[in-house]
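J.: Dropping in target_18.pdb, which is PDB, C-alpha atoms, pLDDT in the B column:
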ATOM      1  CA  MET A  20       7.689  39.209 -23.592  1.00 96.00           C
ATOM      2  CA  ILE A  21       8.753  42.848 -23.561  1.00 97.00           C
ATOM      3  CA  GLY A  22      11.774  44.128 -25.465  1.00 98.00           C
ATOM      4  CA  PHE A  23      13.997  46.618 -23.632  1.00 98.00           C
ATOM      5  CA  ALA A  24      16.300  48.359 -26.107  1.00 98.00           C
ATOM      6  CA  MET A  25      19.089  50.654 -24.950  1.00 98.00           C
ATOM      7  CA  CYS A  26      20.853  53.362 -26.967  1.00 97.00           C
ATOM      8  CA  GLY A  27      23.914  55.424 -26.095  1.00 90.00           C
ATOM      9  CA  SER A  28      22.580  58.127 -23.802  1.00 92.00           C
ATOM     10  CA  PHE A  29      25.011  56.792 -21.212  1.00 94.00           C
ATOM     11  CA  CYS A  30      24.394  59.502 -18.609  1.00 92.00           C
ATOM     12  CA  ASN A  31      20.858  58.095 -18.258  1.00 95.00           C
ATOM     13  CA  PHE A  32      21.825  54.441 -17.829  1.00 96.00           C
ATOM     14  CA  GLU A  33      21.465  54.456 -14.056  1.00 96.00           C
ATOM     15  CA  ASN A  34      17.789  55.431 -14.433  1.00 97.00           C
ATOM     16  CA  CYS A  35      17.280  52.990 -17.306  1.00 97.00           C
ATOM     17  CA  PHE A  36      18.705  50.047 -15.407  1.00 98.00           C
ATOM     18  CA  LYS A  37      16.573  50.977 -12.396  1.00 98.00           C
ATOM     19  CA  GLU A  38      13.464  50.759 -14.601  1.00 98.00           C
ATOM     20  CA  LEU A  39      14.646  47.533 -16.232  1.00 98.00           C
ATOM     21  CA  GLU A  40      15.141  45.973 -12.820  1.00 98.00           C
ATOM     22  CA  ARG A  41      11.729  47.205 -11.699  1.00 97.00           C
ATOM     23  CA  MET A  42      10.136  45.698 -14.800  1.00 97.00           C
ATOM     24  CA  VAL A  43      11.770  42.306 -14.208  1.00 98.00           C
ATOM     25  CA  LYS A  44      10.866  42.319 -10.497  1.00 97.00           C
ATOM     26  CA  SER A  45       7.233  43.011 -11.402  1.00 97.00           C
ATOM     27  CA  GLY A  46       7.205  39.696 -13.250  1.00 97.00           C
ATOM     28  CA  GLU A  47       7.730  40.831 -16.849  1.00 96.00           C
ATOM     29  CA  ASP A  48       9.663  38.540 -19.182  1.00 98.00           C
ATOM     30  CA  VAL A  49      12.169  41.006 -20.689  1.00 98.00           C
ATOM     31  CA  LEU A  50      14.470  40.651 -23.691  1.00 98.00           C
ATOM     32  CA  PRO A  51      17.457  43.060 -23.611  1.00 98.00           C
ATOM     33  CA  ILE A  52      18.483  44.740 -26.880  1.00 98.00           C
ATOM     34  CA  MET A  53      21.462  47.091 -27.285  1.00 98.00           C
ATOM     35  CA  SER A  54      22.734  49.402 -29.994  1.00 97.00           C
ATOM     36  CA  TYR A  55      26.215  49.106 -31.446  1.00 97.00           C
ATOM     37  CA  ASN A  56      27.314  52.164 -29.454  1.00 96.00           C
ATOM     38  CA  VAL A  57      26.241  50.578 -26.186  1.00 97.00           C
ATOM     39  CA  ILE A  58      28.017  47.276 -26.783  1.00 96.00           C
ATOM     40  CA  ASN A  59      31.209  48.877 -28.100  1.00 96.00           C
ATOM     41  CA  THR A  60      31.737  52.075 -26.102  1.00 96.00           C
ATOM     42  CA  ASP A  61      33.347  52.519 -22.695  1.00 96.00           C
ATOM     43  CA  THR A  62      32.521  55.905 -21.168  1.00 95.00           C
ATOM     44  CA  ARG A  63      32.944  57.737 -17.873  1.00 96.00           C
ATOM     45  CA  PHE A  64      29.535  56.273 -16.989  1.00 96.00           C
ATOM     46  CA  GLY A  65      30.734  52.669 -17.303  1.00 96.00           C
ATOM     47  CA  LYS A  66      32.192  49.953 -19.478  1.00 97.00           C
ATOM     48  CA  ALA A  67      30.290  48.337 -22.330  1.00 97.00           C
ATOM     49  CA  LYS A  68      30.986  44.837 -21.006  1.00 98.00           C
ATOM     50  CA  ASP A  69      29.525  45.759 -17.622  1.00 98.00           C
ATOM     51  CA  PHE A  70      26.331  47.105 -19.234  1.00 98.00           C
ATOM     52  CA  ILE A  71      25.935  43.914 -21.283  1.00 98.00           C
ATOM     53  CA  ASP A  72      26.575  41.702 -18.245  1.00 98.00           C
ATOM     54  CA  LYS A  73      24.128  43.650 -16.093  1.00 98.00           C
ATOM     55  CA  ALA A  74      21.321  43.465 -18.664  1.00 98.00           C
ATOM     56  CA  GLN A  75      21.877  39.736 -19.212  1.00 98.00           C
ATOM     57  CA  ARG A  76      21.970  39.070 -15.465  1.00 98.00           C
ATOM     58  CA  LEU A  77      18.769  41.046 -14.822  1.00 98.00           C
ATOM     59  CA  CYS A  78      16.828  39.541 -17.741  1.00 98.00           C
ATOM     60  CA  GLY A  79      18.302  36.053 -17.765  1.00 98.00           C
ATOM     61  CA  LYS A  80      18.700  36.305 -21.546  1.00 97.00           C
ATOM     62  CA  LYS A  81      21.478  37.058 -24.013  1.00 98.00           C
ATOM     63  CA  VAL A  82      21.478  40.657 -25.263  1.00 98.00           C
ATOM     64  CA  VAL A  83      20.269  41.096 -28.838  1.00 98.00           C
ATOM     65  CA  CYS A  84      23.136  43.081 -30.341  1.00 97.00           C
ATOM     66  CA  THR A  85      23.318  42.166 -34.033  1.00 97.00           C
ATOM     67  CA  LEU A  86      21.063  42.774 -37.006  1.00 96.00           C
ATOM     68  CA  GLU A  87      20.749  39.023 -37.470  1.00 95.00           C
ATOM     69  CA  ASP A  88      19.443  38.601 -33.909  1.00 95.00           C
ATOM     70  CA  ALA A  89      17.094  41.602 -34.190  1.00 95.00           C
ATOM     71  CA  GLU A  90      15.401  40.752 -37.489  1.00 91.00           C
ATOM     72  CA  PRO A  91      13.178  37.900 -36.191  1.00 91.00           C
ATOM     73  CA  LEU A  92      11.680  40.045 -33.402  1.00 90.00           C
ATOM     74  CA  GLY A  93       8.675  40.975 -35.490  1.00 81.00           C
ATOM     75  CA  PRO A  94       7.580  37.975 -37.515  1.00 80.00           C
ATOM     76  CA  LYS A  95       9.091  34.996 -35.677  1.00 88.00           C
ATOM     77  CA  ILE A  96       9.484  36.310 -32.124  1.00 87.00           C
ATOM     78  CA  PRO A  97       6.609  38.694 -31.439  1.00 90.00           C
ATOM     79  CA  LEU A  98       6.989  41.047 -28.491  1.00 96.00           C
ATOM     80  CA  GLU A  99       4.029  42.322 -26.503  1.00 96.00           C
ATOM     81  CA  CYS A 100       5.702  45.741 -26.352  1.00 97.00           C
ATOM     82  CA  LEU A 101       9.099  47.193 -27.246  1.00 98.00           C
ATOM     83  CA  CYS A 102      10.639  49.972 -25.116  1.00 98.00           C
ATOM     84  CA  ILE A 103      13.583  52.017 -26.312  1.00 98.00           C
ATOM     85  CA  CYS A 104      15.069  53.280 -23.060  1.00 98.00           C
ATOM     86  CA  PRO A 105      16.963  55.516 -23.476  1.00 98.00           C
ATOM     87  CA  CYS A 106      16.199  56.566 -27.029  1.00 97.00           C
ATOM     88  CA  THR A 107      18.771  59.036 -28.319  1.00 96.00           C
ATOM     89  CA  GLY A 108      18.006  61.821 -30.769  1.00 95.00           C
ATOM     90  CA  ASN A 109      20.031  59.904 -33.359  1.00 96.00           C
ATOM     91  CA  THR A 110      17.849  56.815 -32.957  1.00 97.00           C
ATOM     92  CA  LEU A 111      14.669  58.923 -32.991  1.00 97.00           C
ATOM     93  CA  ALA A 112      15.797  60.503 -36.277  1.00 96.00           C
ATOM     94  CA  LYS A 113      16.508  57.104 -37.810  1.00 97.00           C
ATOM     95  CA  LEU A 114      13.126  55.735 -36.712  1.00 97.00           C
ATOM     96  CA  SER A 115      11.289  58.763 -38.090  1.00 96.00           C
ATOM     97  CA  LEU A 116      12.983  58.298 -41.469  1.00 96.00           C
ATOM     98  CA  GLY A 117      12.633  54.506 -41.617  1.00 95.00           C
ATOM     99  CA  ILE A 118      16.365  53.823 -41.258  1.00 96.00           C
ATOM    100  CA  CYS A 119      17.059  50.485 -39.606  1.00 94.00           C
ATOM    101  CA  ASP A 120      20.806  49.965 -39.474  1.00 96.00           C
ATOM    102  CA  THR A 121      21.269  49.048 -35.795  1.00 96.00           C
ATOM    103  CA  PRO A 122      19.857  46.238 -33.641  1.00 97.00           C
ATOM    104  CA  VAL A 123      17.572  48.776 -31.934  1.00 98.00           C
ATOM    105  CA  THR A 124      16.156  50.387 -35.084  1.00 97.00           C
ATOM    106  CA  LEU A 125      15.728  47.031 -36.842  1.00 97.00           C
ATOM    107  CA  SER A 126      13.991  45.622 -33.743  1.00 96.00           C
ATOM    108  CA  ALA A 127      11.595  48.581 -33.817  1.00 97.00           C
ATOM    109  CA  LYS A 128      10.868  48.173 -37.529  1.00 94.00           C
ATOM    110  CA  ALA A 129      10.300  44.430 -37.167  1.00 92.00           C
ATOM    111  CA  HIS A 130       8.156  44.963 -34.066  1.00 94.00           C
ATOM    112  CA  LEU A 131       5.930  47.636 -35.610  1.00 93.00           C
ATOM    113  CA  ARG A 132       5.080  45.243 -38.464  1.00 90.00           C
ATOM    114  CA  ASN A 133       3.062  43.292 -35.886  1.00 89.00           C
ATOM    115  CA  ASP A 134       0.928  46.343 -35.024  1.00 92.00           C
ATOM    116  CA  ARG A 135       2.141  46.320 -31.414  1.00 94.00           C
ATOM    117  CA  PRO A 136       3.192  49.230 -29.176  1.00 97.00           C
ATOM    118  CA  LEU A 137       6.603  50.882 -29.340  1.00 98.00           C
ATOM    119  CA  VAL A 138       7.390  52.981 -26.250  1.00 98.00           C
ATOM    120  CA  ILE A 139      10.065  55.656 -26.622  1.00 98.00           C
ATOM    121  CA  ALA A 140      11.886  56.979 -23.537  1.00 98.00           C
ATOM    122  CA  LEU A 141      13.581  59.926 -25.211  1.00 97.00           C
ATOM    123  CA  ALA A 142      16.782  61.579 -23.976  1.00 95.00           C
ATOM    124  CA  SER A 143      17.979  64.110 -26.558  1.00 91.00           C
ATOM    125  CA  ASN A 144      20.092  67.243 -26.254  1.00 86.00           C
ATOM    126  CA  ASP A 145      18.386  68.640 -29.368  1.00 83.00           C
ATOM    127  CA  GLY A 146      14.804  67.510 -28.737  1.00 82.00           C
ATOM    128  CA  LEU A 147      13.490  71.072 -29.024  1.00 86.00           C
ATOM    129  CA  CYS A 148      15.511  72.011 -32.108  1.00 87.00           C
ATOM    130  CA  GLY A 149      17.050  69.575 -34.600  1.00 86.00           C
ATOM    131  CA  ASN A 150      14.984  66.627 -33.413  1.00 88.00           C
ATOM    132  CA  ALA A 151      11.691  68.468 -32.875  1.00 92.00           C
ATOM    133  CA  GLU A 152      10.599  67.526 -36.403  1.00 94.00           C
ATOM    134  CA  ASN A 153      11.396  63.851 -35.779  1.00 95.00           C
ATOM    135  CA  PHE A 154       9.550  63.964 -32.456  1.00 94.00           C
ATOM    136  CA  GLY A 155       6.487  65.361 -34.234  1.00 94.00           C
ATOM    137  CA  ARG A 156       6.724  62.785 -37.007  1.00 95.00           C
ATOM    138  CA  MET A 157       6.855  59.926 -34.487  1.00 96.00           C
ATOM    139  CA  LEU A 158       3.955  61.388 -32.455  1.00 93.00           C
ATOM    140  CA  ALA A 159       1.806  60.990 -35.548  1.00 94.00           C
ATOM    141  CA  ARG A 160       2.696  57.317 -36.049  1.00 95.00           C
ATOM    142  CA  ARG A 161       0.329  54.553 -35.093  1.00 95.00           C
ATOM    143  CA  ASN A 162       1.457  52.348 -32.191  1.00 97.00           C
ATOM    144  CA  VAL A 163       4.221  54.752 -31.072  1.00 98.00           C
ATOM    145  CA  TYR A 164       4.007  56.079 -27.503  1.00 98.00           C
ATOM    146  CA  PHE A 165       6.283  58.443 -25.587  1.00 97.00           C
ATOM    147  CA  VAL A 166       7.201  58.364 -21.932  1.00 98.00           C
ATOM    148  CA  PRO A 167       6.276  61.903 -20.745  1.00 97.00           C
ATOM    149  CA  LEU A 168       9.089  64.406 -21.273  1.00 94.00           C
ATOM    150  CA  ARG A 169      10.460  67.513 -19.616  1.00 91.00           C
ATOM    151  CA  GLN A 170      13.270  69.931 -20.295  1.00 88.00           C
ATOM    152  CA  ASP A 171      16.516  68.516 -18.979  1.00 83.00           C
ATOM    153  CA  ASP A 172      17.958  71.858 -17.841  1.00 79.00           C
ATOM    154  CA  ALA A 173      16.033  74.867 -19.133  1.00 78.00           C
ATOM    155  CA  LEU A 174      18.838  77.345 -18.407  1.00 85.00           C
ATOM    156  CA  LYS A 175      21.996  75.485 -19.450  1.00 86.00           C
ATOM    157  CA  LYS A 176      20.476  73.148 -22.070  1.00 84.00           C
ATOM    158  CA  PRO A 177      17.300  74.902 -23.277  1.00 81.00           C
ATOM    159  CA  ARG A 178      16.728  72.543 -26.222  1.00 86.00           C
ATOM    160  CA  SER A 179      17.300  69.300 -24.327  1.00 85.00           C
ATOM    161  CA  LEU A 180      14.469  66.881 -23.528  1.00 93.00           C
ATOM    162  CA  VAL A 181      14.561  63.891 -21.228  1.00 94.00           C
ATOM    163  CA  CYS A 182      11.750  61.543 -20.319  1.00 96.00           C
ATOM    164  CA  GLU A 183      10.579  60.966 -16.771  1.00 97.00           C
ATOM    165  CA  PHE A 184      12.043  57.466 -16.476  1.00 97.00           C
ATOM    166  CA  SER A 185       9.925  56.630 -13.413  1.00 97.00           C
ATOM    167  CA  LEU A 186       6.848  56.774 -15.695  1.00 97.00           C
ATOM    168  CA  LEU A 187       8.124  54.045 -18.045  1.00 97.00           C
ATOM    169  CA  ALA A 188       6.079  51.190 -16.525  1.00 97.00           C
ATOM    170  CA  ASP A 189       2.885  53.282 -16.513  1.00 97.00           C
ATOM    171  CA  THR A 190       3.502  54.322 -20.122  1.00 97.00           C
ATOM    172  CA  VAL A 191       3.988  50.683 -21.158  1.00 97.00           C
ATOM    173  CA  GLU A 192       0.765  49.581 -19.459  1.00 96.00           C
ATOM    174  CA  ARG A 193      -1.218  52.331 -21.165  1.00 97.00           C
ATOM    175  CA  ALA A 194       0.475  51.712 -24.523  1.00 97.00           C
ATOM    176  CA  LYS A 195      -0.624  48.059 -24.347  1.00 96.00           C
ATOM    177  CA  LYS A 196      -4.191  49.456 -24.240  1.00 96.00           C
ATOM    178  CA  GLY A 197      -3.523  51.898 -27.077  1.00 96.00           C
ATOM    179  CA  VAL A 198      -3.415  55.006 -24.863  1.00 96.00           C
ATOM    180  CA  GLN A 199      -0.707  57.688 -24.780  1.00 96.00           C
ATOM    181  CA  MET A 200       0.105  58.735 -21.224  1.00 93.00           C
ATOM    182  CA  GLN A 201      -0.686  62.409 -20.649  1.00 90.00           C
ATOM    183  CA  PRO A 202       0.587  65.004 -20.402  1.00 87.00           C
ATOM    184  CA  ILE A 203       3.231  64.164 -22.953  1.00 88.00           C
ATOM    185  CA  LEU A 204       5.271  67.252 -22.025  1.00 84.00           C
ATOM    186  CA  LEU A 205       5.638  67.833 -18.290  1.00 74.00           C
TER     187      LEU A 205
END
If you convert what's in this file into structure tokens, what do you get?

T.:
Amino acid sequence: MIGFAMCGSFCNFENCFKELERMVKSGEDVLPIMSYNVINTDTRFGKAKDFIDKAQRLCGKKVVCTLEDAEPLGPKIPLECLCICPCTGNTLAKLSLGICDTPVTLSAKAHLRNDRPLVIALASNDGLCGNAENFGRMLARRNVYFVPLRQDDALKKPRSLVCEFSLLADTVERAKKGVQMQPILL
């Protein structure tokens, strides 16, 4: 089973759900996981309830959205791989510092205890400034893999990074073999 954790980079949800659907259609057994922001925030990109319903419909499973539901994902419910798609800069910072106060960060901590791959599909407006240090710290961690990244908009948002969502499945397959997809920066 693969975990698919979503954080609040809502403008990227269309791409994330496209990849989730692709993963399920390819035959993967997928467990949806959502951060508190995702399950509690309505935005111009959609309503929280609709995101929850869509993930549950696609995966055929209840969304993991509490710390109590996330904690067993390492020791009692091992995942083959955990994807955080999208991973916000806030979540990246928490992961790099060992903070696990959301269902997504606790799932990642519990999952990494099993020495299995964590795939990060980063979408951060400060990936090349405030979060550059966290990005570097996570690059050095064992069993952490990044979906290849590019600048979001080099002129208007010169410090913003976003992953190439269409490379998520390839990144997961390589991560299962212990290989980081290259190039990491497109």

J.: Translate the PyMOL selection byres ((chain A and resi 182) around 8) into a concrete residue list for this structure, as a ChimeraX atom specification.

T.: /A:140-142,166-169,180-181,183-184

J.: A:Ser28, A:Asn162, A:Asn34, A:Gln199: which is nearest Asp134 in chain A, counting all atoms listed in the file?

T.: A:Asn162

J.: Might you spell out which residues the PyMOL selection byres ((chain A and resi 27) around 7) would select in the displayed file, as an mmCIF file with C-alpha atoms, keeping the file's coordinate frame?

T.:
data_model
loop_
_atom_site.group_PDB
_atom_site.id
_atom_site.type_symbol
_atom_site.label_atom_id
_atom_site.label_comp_id
_atom_site.auth_asym_id
_atom_site.auth_seq_id
_atom_site.Cartn_x
_atom_site.Cartn_y
_atom_site.Cartn_z
ATOM 1 C CA MET A 25 19.089 50.654 -24.950
ATOM 2 C CA CYS A 26 20.853 53.362 -26.967
ATOM 3 C CA SER A 28 22.580 58.127 -23.802
ATOM 4 C CA PHE A 29 25.011 56.792 -21.212
ATOM 5 C CA ASN A 56 27.314 52.164 -29.454
ATOM 6 C CA VAL A 57 26.241 50.578 -26.186
ATOM 7 C CA THR A 107 18.771 59.036 -28.319
#

J.: A:Arg178, A:Ile203, A:Thr110, A:Gly22: which is nearest Ala129 in chain A, counting only C-alpha atoms?

T.: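 Closest to Ala129 in chain A, using only C-alpha atoms: A:Gly22.
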
J.: CA of Lys68 in chain A and CA of Val138 in chain A are how many Å apart?

T.: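 Going from CA of Lys68 in chain A over to CA of Val138 in chain A, I get 25.5 Å.
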
J.: Nearest to Gly117 in chain A among A:Ser143, A:Thr85, A:Asn133, A:Asn153, with distances taken over only C-alpha atoms: which residue is it?

T.: A:Asn153

J.: May I have a table of the residues of range 82-113 of chain A lying at most 12 Å from range 39-53 of chain A, giving each one's closest pair of atoms and their distance in Å to one decimal, counting all atoms listed in the file, ordered by chain and ascending residue number, as CSV?

T.:
residue,atom,partner,partner_atom,distance
A:Val82,CA,A:Pro51,CA,5.0
A:Val83,CA,A:Ile52,CA,4.5
A:Cys84,CA,A:Met53,CA,5.3
A:Thr85,CA,A:Met53,CA,8.6
A:Leu86,CA,A:Ile52,CA,10.6
A:Asp88,CA,A:Ile52,CA,9.4
A:Ala89,CA,A:Ile52,CA,8.1
A:Glu90,CA,A:Ile52,CA,11.7
A:Leu92,CA,A:Leu50,CA,10.1
A:Ile96,CA,A:Leu50,CA,10.7
A:Pro97,CA,A:Leu50,CA,11.2
A:Leu98,CA,A:Leu50,CA,8.9
A:Glu99,CA,A:Asp48,CA,10.0
A:Cys100,CA,A:Val49,CA,9.8
A:Leu101,CA,A:Leu50,CA,9.2
A:Cys102,CA,A:Ile52,CA,9.6
A:Ile103,CA,A:Ile52,CA,8.8
A:Cys104,CA,A:Leu39,CA,8.9
A:Pro105,CA,A:Met53,CA,10.3
A:Cys106,CA,A:Met53,CA,10.8
A:Thr110,CA,A:Met53,CA,11.8

J.: Grab the CA of Lys81 in chain A to CA of Phe64 in chain A distance for me, in Å with one decimal place.

T.: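 Atom-to-atom, CA of Lys81 in chain A to CA of Phe64 in chain A, that is 22.0 Å.
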
J.: Which residues come within 9 Å of Gly197 in chain A, counting all atoms listed in the file, excluding same-chain residues fewer than 2 positions away, as a PyMOL selection string?

T.: chain A and resi 136+162+164+193-195+199

J.: To one decimal place, how far is CA of Ala159 in chain A from CA of Cys30 in chain A in Å?

T.: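 Going from CA of Ala159 in chain A over to CA of Cys30 in chain A, I get 28.3 Å.
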
J.: Go through A:Asp171, A:Arg135, A:Cys78, A:Pro202 and flag the residue nearest Asn31 in chain A, using all atoms listed in the file for the distances.

T.: A:Asp171
